[in-house]
Amino acid sequence: MLQTLVDFQRTIYLALADQIKLLAAGGGWLAFFSFLPMGVVFGAAHALTPGHSKAVLATYLAGSDTKVSRGLLASIALSATHVTIAVLIAVLSLPLVSLALGSVGRAPVLEDVSRALLGVIGAWMVWRALGHGHSHQYEGEVVGFMAGLIPCPLTLFVMTFAISRGVPGAGILFALTMMVGVALTLSCVAVLSILFRERLVHLFDSRPRLFDQLSRGIEGVAGLVLAGVAVWQVTLN
């Protein structure tokens with residue numbers, strides 16, 4: 001399944017490269033605009049591969065009391081940040097390359113910042129599970145933003161290729177359509193995570209005290225997982 005997704009992405013990327021080459025050679029924008037919807041498919045397929053903070057998003061939403069509407073906003077915030085950071089790195093590569101980029105397709109400084117911030121969220125969830133504090137209105141969107149600070153490597157490749165051919169606008173337009181596709185996949189992850197939690201709520205409707213203890217336990221475990229992964233990843237690097 002993973003290899004099929006990789007091959008599918010490669011096919012679209014090669015077709016995109018041909019479109020950008022034609023555009024750079026003096027071709028019209030009409031053909032490129034007609035190709036843009038493939039960016040949605042490209043982004044959705046890419047988000048199905050490992051990474052993109054799907055586990056972070058699912059863990060947070062399963063352990064919090066976030067509703068579907070807020071969960072969707074969190075997934076959109078994650079997608080928008082994930083792609084936008086990559087676009088900004090590509091566009092501002094000259095001043096940022098020595099600071100942020102350790103290798104092609106990665107930004108170690110931003111990755112460490114993202115993991116450290118997620119560790120803070122995890123610690124906050126553990127603290128709240130112990131009976132302290134309460135949920136904040138925009139907490140989900142903040143988590144999405146923090147998780148999305150790790151840039152999308154394929155967006156970096158697309159932007160770098162478009163810039164090298166002298167048509168950065170084409171890269172930005174394709175990145176925007178990719179963002180929609182990534183958001184669709186992550187939104188599905190968000191909705192499924194919240195529905196799973198709400199199903200548990202329904203099962204324990206008649207035993208509120210037991211459910212309260214269980215929900216605090218789930219939130220505490222989710223917080224420990226987020227904090228543990230953040231600490232492990234930062235120390236590993």
# chains A, B, ... in the order shown; residues from 1 in each chain; ligands from 1

call {"tool": "residues_around", "arguments": {"residues": "segment 171-177 of chain A", "least_positions_apart": "4", "cutoff": "7 Å", "atoms": "only C-alpha atoms", "output": "PDB file with C-alpha atoms, in the first residue's frame"}}
result
ATOM      1  CA  LEU A  36      -3.926  22.236 -10.557  1.00  0.00           C
ATOM      2  CA  PRO A  37      -6.760  19.963  -9.262  1.00  0.00           C
ATOM      3  CA  GLY A  39      -2.576  18.999  -6.393  1.00  0.00           C
ATOM      4  CA  VAL A  40      -5.537  18.107  -4.171  1.00  0.00           C
ATOM      5  CA  VAL A  83       2.548  23.544   3.873  1.00  0.00           C
ATOM      6  CA  THR A 155       6.148  21.112  -0.886  1.00  0.00           C
ATOM      7  CA  VAL A 158       7.886  21.501  -5.601  1.00  0.00           C
ATOM      8  CA  MET A 159       8.762  25.052  -4.566  1.00  0.00           C
ATOM      9  CA  ALA A 162       9.456  25.975  -9.541  1.00  0.00           C
ATOM     10  CA  GLY A 181      -5.614  17.638  -0.076  1.00  0.00           C
TER      11      GLY A 181
END

call {"tool": "residues_around", "arguments": {"residues": "segment 5-7 of chain A", "least_positions_apart": "3", "cutoff": "12 Å", "atoms": "only C-alpha atoms", "output": "ChimeraX atom specification"}}
result
/A:1-2,10-14,41-50,154

call {"tool": "closest_residue", "arguments": {"among": "A:Val221, A:Leu200, A:Val68, A:Ala190", "to": "Ala55 of chain A", "atoms": "only C-alpha atoms"}}
result
A:Ala190

call {"tool": "select_by_dssp", "arguments": {"residues": "segment 135-209 of chain A", "states": "helix (DSSP H, G or I)", "output": "NGL selection string"}}
result
:A and (139-147 or 153-164 or 168-203 or 208-209)

call {"tool": "closest_residue", "arguments": {"among": "A:Val126, A:Val167, A:Val87, A:Ala222", "to": "Pro151 of chain A", "atoms": "only C-alpha atoms"}}
result
A:Val87

call {"tool": "closest_residue", "arguments": {"among": "A:Met38, A:Ala24, A:Leu57, A:Leu195", "to": "Gln9 of chain A", "atoms": "only C-alpha atoms"}}
result
A:Met38

call {"tool": "closest_residue", "arguments": {"among": "A:Cys152, A:Leu16, A:Ala58, A:Val143", "to": "Val182 of chain A", "atoms": "only C-alpha atoms"}}
result
A:Cys152

call {"tool": "atom_distance", "arguments": {"atom1": "atom CA of Lys67 of chain A", "atom2": "atom CA of Ala86 of chain A"}}
result
29.0 Å

call {"tool": "residues_around", "arguments": {"residues": "Leu130 of chain A", "least_positions_apart": "3", "cutoff": "8 Å", "atoms": "only C-alpha atoms", "output": "ChimeraX atom specification"}}
result
/A:126-127,216,220

call {"tool": "write_last_selection", "arguments": {"atoms": "C-alpha atoms", "output": "short mmCIF file (atom, residue, chain, number, x, y, z; two decimals), in the first residue's frame"}}
result
data_model
loop_
_atom_site.label_atom_id
_atom_site.label_comp_id
_atom_site.auth_asym_id
_atom_site.auth_seq_id
_atom_site.Cartn_x
_atom_site.Cartn_y
_atom_site.Cartn_z
CA VAL A 126 -1.26 15.42 32.17
CA TRP A 127 -1.64 18.34 34.62
CA ARG A 216 -9.10 11.67 32.78
CA GLY A 220 -3.35 11.68 31.01
#
